[in-house]
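Quick notes on the structure that follows.
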Amino acid sequence: MSKQVKTGADARTEIKAGIDLVANVVKTTLGPRGRNITLDTDPYRPPVNTNDGVTIARELHAPKDKPHQETGVKTAKAAANKTNDVAGDGTTTVTLLLQAMTTHGLQQINNGADPVLLRRGIERAAAAVVEALKDEVVETKDLEALINVATISCGDPVVGKLVAEAVHQVGSNGVVTIEDGEGEETTSRIAEGIELRGGIQLPVFITNPARQEADVTDVPIFVTDHDFTNGMEIVRLMEVISQMGHKSGVLIANSVTGEAMASCAINKAQGKFTLIPIKVQALGEQGQAVLRDMAEATGARFFARDEGNRLPNNPQDPRDTYNPDDFGHADRVIASRDRTTIIGGAGETEARIEELKAQRKNSKQAYEQNAIDERIARLQSGVGVIRVGGVTEAEREERKLRVEDAINASKAALSNGIIAGGGAALYRAATKVQKDQNVDLSTEDGNGLMAVVKACFEPIKQMAENSGLELDKADLEKVLADKKLTIDFYTGEVVDAFKAGIIDPSLVTLSAIKNAASQAALFVITEGAVTAAEDDSEKI
């Protein structure tokens, strides 16, 4: 395959155009009066109307004849995806910050600045802003604060209250899932369920492309610490599950590789049978303990190697096979690449929890105690379920994206505290860094500092623009003077952020700064770009 190469200013300009392409679309969604974007990219689904930054970004691409711009698009997506993975929200903010940092950085490089020193200044300034933001954090376990966070994130006070109550009940380490509601209303409940660290290993098992998850209901579950490598072992499992009257199942194992994984993937791809293999992300004794917890929770017999429970391996003996009693059951299993949630397991966890509490009492090692505490929390916290309704499918899909953001924001607030919203905390932190850092602003290091500082001013400016308001200098001075204050972009007034409920999870803003600065620092030292040339075969 031929390649296209650009160097110097040409490469940076093209990459920057791709970053701008993403940022100029998503930044219009920022703030309480931000707008939505309609995504009509799947011919088999109705258009999705959303203000979720990462969802919008994932659908954006540069023109096919602009491969270097596509590199910029992917750069913006990488920052958004990383922020979404860490904090679950803030993807619009990180994209806006990245655009601002790269804009200033590109200007300075074109004026002759040293890119290496510029990068150093960006990294130094971002670290300073992060430290300044930490001084703004207020720890909270208050339900009312969570309701405010969730409401800001989803833009709906009724849904925000449902989400916050669910998160408050299950805790920051608990699980809240989203389901399709049957009517127009959105409801919530707490179901018996647990979360497992580990998930699907291949995209073929994804059943929900929008959320990149495998989602199956009413499924038998087989749990073992054995390794599956032989395809016939998988076929035997499928046969028994089919005889039980099911078309899908879940295999939680130490590992599934080689012919065994291929057998699962081929049957799923051909639509013959869905057996989803889940790999546990734990090793040794800890991994086996987690598997045993899963067996107890689902009512499965745990096939443990150290207990002599071998897998049936004689194809000539029909009696040497699995029994229905070997399988557990769950009402629903949702698996991403690194998390699996089991809802409505058929097992009884009370005895297992008491056993773990006894182990915790007898343990003398802090790391063992922490591991047991985590397992107990996983078994007893339950799973919050938000059933999202809507008049049309498009409305329901848009609402589901907002609910997902609200869940992530509420959990982040519960675990890492809150800061004043509306871009105020970021504005104060950057202003403090600008005053405190002993840097000559005429130097490359100083230019790196200003790239970050100016970027941190952008969210509050963009929210004002989206709200049709002009920022008043006197109001900004008030905001700088008190970390409780922010601007209400509905009314244009300066208010107490915590009393008005205009608050953000600190983790969201901190992650946005870190990820934007990381990508911007790499951008400014870019001196060339190599991409695959456009494939002209389709034009012939």
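Starting from 1 in every chain, residues are counted up; chains themselves are A, B, ... following the order of the structure tokens, and ligands are numbered from 1 as listed.
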
Q | In segment 110-320 of chain A, DSSP strand (DSSP E or B) residues written as a PyMOL selection string | A | chain A and resi 138+175-180+187-191+193-199+208+213-224+227-228+248-253+255-256+274-280+302-303

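Once Gln201 of chain A and its same-chain neighbours fewer than 2 positions away are set aside, A:Gly199, A:Pro203, A:Val204, A:Phe205, A:Pro277, A:Ile278, A:Lys279, A:Ser336, A:Arg337, A:Asp338 remain within 9 Å of it when counting only C-alpha atoms.
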
Those same residues, written as a PDB file, in the first residue's frame with all heavy atoms?
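And here's again_8.pdb as it stands now:
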```
ATOM      1  N   GLY A 199     -13.839  -9.052  30.722  1.00  0.00           N
ATOM      2  CA  GLY A 199     -14.895  -8.920  29.733  1.00  0.00           C
ATOM      3  C   GLY A 199     -14.593  -9.649  28.447  1.00  0.00           C
ATOM      4  O   GLY A 199     -13.798 -10.584  28.411  1.00  0.00           O
ATOM      5  N   PRO A 203     -14.382  -8.189  19.182  1.00  0.00           N
ATOM      6  CA  PRO A 203     -15.547  -7.369  18.813  1.00  0.00           C
ATOM      7  C   PRO A 203     -16.730  -8.187  18.298  1.00  0.00           C
ATOM      8  O   PRO A 203     -17.858  -7.707  18.325  1.00  0.00           O
ATOM      9  CB  PRO A 203     -14.999  -6.453  17.709  1.00  0.00           C
ATOM     10  CG  PRO A 203     -13.528  -6.448  17.894  1.00  0.00           C
ATOM     11  CD  PRO A 203     -13.175  -7.798  18.424  1.00  0.00           C
ATOM     12  N   VAL A 204     -16.485  -9.412  17.809  1.00  0.00           N
ATOM     13  CA  VAL A 204     -17.565 -10.201  17.236  1.00  0.00           C
ATOM     14  C   VAL A 204     -18.663 -10.487  18.253  1.00  0.00           C
ATOM     15  O   VAL A 204     -19.819 -10.734  17.890  1.00  0.00           O
ATOM     16  CB  VAL A 204     -17.006 -11.532  16.650  1.00  0.00           C
ATOM     17  CG1 VAL A 204     -16.534 -12.460  17.762  1.00  0.00           C
ATOM     18  CG2 VAL A 204     -18.052 -12.229  15.795  1.00  0.00           C
ATOM     19  N   PHE A 205     -18.332 -10.451  19.542  1.00  0.00           N
ATOM     20  CA  PHE A 205     -19.325 -10.772  20.567  1.00  0.00           C
ATOM     21  C   PHE A 205     -20.205  -9.577  20.942  1.00  0.00           C
ATOM     22  O   PHE A 205     -21.149  -9.726  21.714  1.00  0.00           O
ATOM     23  CB  PHE A 205     -18.633 -11.314  21.823  1.00  0.00           C
ATOM     24  CG  PHE A 205     -17.863 -12.580  21.574  1.00  0.00           C
ATOM     25  CD1 PHE A 205     -16.475 -12.580  21.607  1.00  0.00           C
ATOM     26  CD2 PHE A 205     -18.507 -13.764  21.277  1.00  0.00           C
ATOM     27  CE1 PHE A 205     -15.755 -13.741  21.363  1.00  0.00           C
ATOM     28  CE2 PHE A 205     -17.802 -14.926  21.025  1.00  0.00           C
ATOM     29  CZ  PHE A 205     -16.415 -14.919  21.068  1.00  0.00           C
ATOM     30  N   PRO A 277     -17.459 -15.766  25.868  1.00  0.00           N
ATOM     31  CA  PRO A 277     -16.394 -16.089  26.826  1.00  0.00           C
ATOM     32  C   PRO A 277     -15.926 -14.837  27.565  1.00  0.00           C
ATOM     33  O   PRO A 277     -15.625 -13.815  26.946  1.00  0.00           O
ATOM     34  CB  PRO A 277     -15.287 -16.662  25.933  1.00  0.00           C
ATOM     35  CG  PRO A 277     -15.503 -16.026  24.605  1.00  0.00           C
ATOM     36  CD  PRO A 277     -16.957 -15.671  24.489  1.00  0.00           C
ATOM     37  N   ILE A 278     -15.876 -14.921  28.885  1.00  0.00           N
ATOM     38  CA  ILE A 278     -15.446 -13.803  29.726  1.00  0.00           C
ATOM     39  C   ILE A 278     -14.141 -14.186  30.414  1.00  0.00           C
ATOM     40  O   ILE A 278     -14.070 -15.228  31.080  1.00  0.00           O
ATOM     41  CB  ILE A 278     -16.499 -13.459  30.794  1.00  0.00           C
ATOM     42  CG1 ILE A 278     -17.855 -13.154  30.155  1.00  0.00           C
ATOM     43  CG2 ILE A 278     -16.022 -12.308  31.668  1.00  0.00           C
ATOM     44  CD1 ILE A 278     -17.869 -11.956  29.261  1.00  0.00           C
ATOM     45  N   LYS A 279     -13.123 -13.372  30.263  1.00  0.00           N
ATOM     46  CA  LYS A 279     -11.844 -13.611  30.925  1.00  0.00           C
ATOM     47  C   LYS A 279     -11.739 -12.716  32.160  1.00  0.00           C
ATOM     48  O   LYS A 279     -11.902 -11.500  32.078  1.00  0.00           O
ATOM     49  CB  LYS A 279     -10.676 -13.331  29.990  1.00  0.00           C
ATOM     50  CG  LYS A 279      -9.310 -13.524  30.646  1.00  0.00           C
ATOM     51  CD  LYS A 279      -8.179 -13.324  29.654  1.00  0.00           C
ATOM     52  CE  LYS A 279      -6.824 -13.370  30.346  1.00  0.00           C
ATOM     53  NZ  LYS A 279      -6.602 -14.623  31.087  1.00  0.00           N
ATOM     54  N   SER A 336     -18.473  -5.512  28.614  1.00  0.00           N
ATOM     55  CA  SER A 336     -17.640  -4.674  27.752  1.00  0.00           C
ATOM     56  C   SER A 336     -16.266  -5.324  27.684  1.00  0.00           C
ATOM     57  O   SER A 336     -16.102  -6.477  28.085  1.00  0.00           O
ATOM     58  CB  SER A 336     -17.550  -3.256  28.320  1.00  0.00           C
ATOM     59  OG  SER A 336     -16.881  -3.270  29.568  1.00  0.00           O
ATOM     60  N   ARG A 337     -15.279  -4.611  27.204  1.00  0.00           N
ATOM     61  CA  ARG A 337     -13.960  -5.220  27.076  1.00  0.00           C
ATOM     62  C   ARG A 337     -13.266  -5.395  28.425  1.00  0.00           C
ATOM     63  O   ARG A 337     -12.335  -6.203  28.536  1.00  0.00           O
ATOM     64  CB  ARG A 337     -13.081  -4.385  26.151  1.00  0.00           C
ATOM     65  CG  ARG A 337     -12.806  -2.985  26.638  1.00  0.00           C
ATOM     66  CD  ARG A 337     -11.999  -2.197  25.626  1.00  0.00           C
ATOM     67  NE  ARG A 337     -11.800  -0.816  26.062  1.00  0.00           N
ATOM     68  CZ  ARG A 337     -11.148   0.092  25.349  1.00  0.00           C
ATOM     69  NH1 ARG A 337     -10.669  -0.251  24.166  1.00  0.00           N
ATOM     70  NH2 ARG A 337     -11.001   1.321  25.795  1.00  0.00           N
ATOM     71  N   ASP A 338     -13.692  -4.652  29.463  1.00  0.00           N
ATOM     72  CA  ASP A 338     -13.015  -4.777  30.748  1.00  0.00           C
ATOM     73  C   ASP A 338     -13.956  -4.884  31.942  1.00  0.00           C
ATOM     74  O   ASP A 338     -13.504  -4.950  33.086  1.00  0.00           O
ATOM     75  CB  ASP A 338     -12.065  -3.602  30.973  1.00  0.00           C
ATOM     76  CG  ASP A 338     -12.759  -2.251  30.857  1.00  0.00           C
ATOM     77  OD1 ASP A 338     -13.989  -2.234  30.692  1.00  0.00           O
ATOM     78  OD2 ASP A 338     -12.072  -1.223  30.934  1.00  0.00           O
TER      79      ASP A 338
END
```

Q: Write out as a PyMOL selection string each polymer residue whose atoms come within 8 Å of segment 482-495 of chain A, counting only C-alpha atoms; drop sequence neighbours fewer than 5 positions from it.
A: chain A and resi 31-33+136+420-425+428+463-464+467+469+475+500+502

Let me see the file: selected residues, N, CA and C atoms, as an mmCIF file, in the first residue's frame.
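This is the output file result-v4.cif:
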```
data_model
loop_
_atom_site.group_PDB
_atom_site.id
_atom_site.type_symbol
_atom_site.label_atom_id
_atom_site.label_comp_id
_atom_site.auth_asym_id
_atom_site.auth_seq_id
_atom_site.Cartn_x
_atom_site.Cartn_y
_atom_site.Cartn_z
ATOM 1 N N GLY A 31 -22.459 23.286 27.863
ATOM 2 C CA GLY A 31 -23.196 24.168 28.756
ATOM 3 C C GLY A 31 -24.686 23.921 28.777
ATOM 4 N N PRO A 32 -25.376 24.622 29.673
ATOM 5 C CA PRO A 32 -26.817 24.388 29.847
ATOM 6 C C PRO A 32 -27.655 24.770 28.638
ATOM 7 N N ARG A 33 -27.115 25.648 27.787
ATOM 8 C CA ARG A 33 -27.856 26.042 26.591
ATOM 9 C C ARG A 33 -27.169 25.562 25.320
ATOM 10 N N GLU A 136 -9.675 23.310 44.824
ATOM 11 C CA GLU A 136 -11.086 23.709 44.670
ATOM 12 C C GLU A 136 -12.052 22.579 45.027
ATOM 13 N N ALA A 420 -16.898 23.801 41.664
ATOM 14 C CA ALA A 420 -17.867 24.719 41.058
ATOM 15 C C ALA A 420 -17.898 24.506 39.550
ATOM 16 N N GLY A 421 -19.100 24.462 38.984
ATOM 17 C CA GLY A 421 -19.252 24.201 37.556
ATOM 18 C C GLY A 421 -19.265 25.472 36.733
ATOM 19 N N GLY A 422 -19.718 25.336 35.495
ATOM 20 C CA GLY A 422 -19.781 26.482 34.606
ATOM 21 C C GLY A 422 -18.424 26.959 34.140
ATOM 22 N N GLY A 423 -17.392 26.123 34.270
ATOM 23 C CA GLY A 423 -16.050 26.516 33.847
ATOM 24 C C GLY A 423 -15.339 27.417 34.838
ATOM 25 N N ALA A 424 -15.991 27.734 35.971
ATOM 26 C CA ALA A 424 -15.429 28.707 36.914
ATOM 27 C C ALA A 424 -14.179 28.175 37.615
ATOM 28 N N ALA A 425 -14.213 26.933 38.069
ATOM 29 C CA ALA A 425 -13.067 26.371 38.788
ATOM 30 C C ALA A 425 -11.838 26.318 37.879
ATOM 31 N N ARG A 428 -10.468 29.870 37.455
ATOM 32 C CA ARG A 428 -9.717 30.321 38.633
ATOM 33 C C ARG A 428 -8.353 29.640 38.720
ATOM 34 N N MET A 463 -19.393 28.519 26.907
ATOM 35 C CA MET A 463 -20.734 28.419 27.507
ATOM 36 C C MET A 463 -21.485 29.728 27.379
ATOM 37 N N ALA A 464 -20.761 30.830 27.556
ATOM 38 C CA ALA A 464 -21.404 32.134 27.391
ATOM 39 C C ALA A 464 -21.870 32.329 25.951
ATOM 40 N N SER A 467 -24.862 30.365 25.189
ATOM 41 C CA SER A 467 -26.049 30.887 25.890
ATOM 42 C C SER A 467 -26.465 32.257 25.385
ATOM 43 N N LEU A 469 -24.766 35.044 25.778
ATOM 44 C CA LEU A 469 -24.420 36.039 26.794
ATOM 45 C C LEU A 469 -23.024 36.585 26.550
ATOM 46 N N ASP A 475 -18.119 40.647 36.596
ATOM 47 C CA ASP A 475 -18.586 39.331 37.023
ATOM 48 C C ASP A 475 -17.425 38.340 37.114
ATOM 49 N N ALA A 500 -26.656 26.830 44.152
ATOM 50 C CA ALA A 500 -27.434 26.818 42.912
ATOM 51 C C ALA A 500 -27.394 25.466 42.214
ATOM 52 N N ILE A 502 -24.820 24.242 40.548
ATOM 53 C CA ILE A 502 -24.015 24.284 39.320
ATOM 54 C C ILE A 502 -22.635 23.732 39.665
#
```

**Q.** atom CA of Val452 of chain A to atom CA of Ala80 of chain A, distance in Å rounded to a single decimal
**A.**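 Separating atom CA of Val452 of chain A from atom CA of Ala80 of chain A is a distance of 17.3 Å.
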
**Q.** Nearest residue to Gly347 of chain A from the set A:Gly271, A:Gly299, A:Gly34, A:Gly448 (distances using only C-alpha atoms)
**A.**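 Among the listed residues, the smallest separation from Gly347 of chain A belongs to A:Gly299.
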
So that each row is one residue of segment 492-521 of chain A with an atom at most 8 Å from segment 96-108 of chain A, can you give its shortest atom pair and the distance in Å to one decimal, using only C-alpha atoms, rows by chain and rising number, as JSON lines?
```
{"residue": "A:Ala512", "atom": "CA", "partner": "A:Leu97", "partner_atom": "CA", "distance": 7.7}
{"residue": "A:Ile513", "atom": "CA", "partner": "A:Leu97", "partner_atom": "CA", "distance": 7.2}
{"residue": "A:Ala516", "atom": "CA", "partner": "A:Leu98", "partner_atom": "CA", "distance": 4.7}
{"residue": "A:Ala517", "atom": "CA", "partner": "A:Leu98", "partner_atom": "CA", "distance": 6.9}
{"residue": "A:Gln519", "atom": "CA", "partner": "A:Leu98", "partner_atom": "CA", "distance": 7.2}
{"residue": "A:Ala520", "atom": "CA", "partner": "A:Thr102", "partner_atom": "CA", "distance": 5.6}
```

(Q) I'd like to know which of A:Glu397, A:Asp293, A:Glu70, A:Asp52 is closest to Ala351 of chain A, using only C-alpha atoms. (A) A:Asp293

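You can rank A:Asp436, A:Glu213, A:Glu404, A:Glu477 by their closest distance to Thr55 of chain A using only C-alpha atoms, and at the top of that list sits A:Glu404.
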
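Between atom CA of Gly174 of chain A and atom CA of Val149 of chain A the separation is 17.4 Å.
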
Q.
When you look at Ala132 of chain A with a cut-off of 8 Å (counting only C-alpha atoms), what residues show up, excluding the ones that are within fewer than 4 positions of it in the same chain? I need them as a PyMOL selection string.
A. chain A and resi 128+136+429-430+432-433

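Distances to Lys514 of chain A were evaluated for A:Glu395, A:Glu14, A:Glu296, A:Glu123 using only C-alpha atoms, and the minimum falls at A:Glu123.
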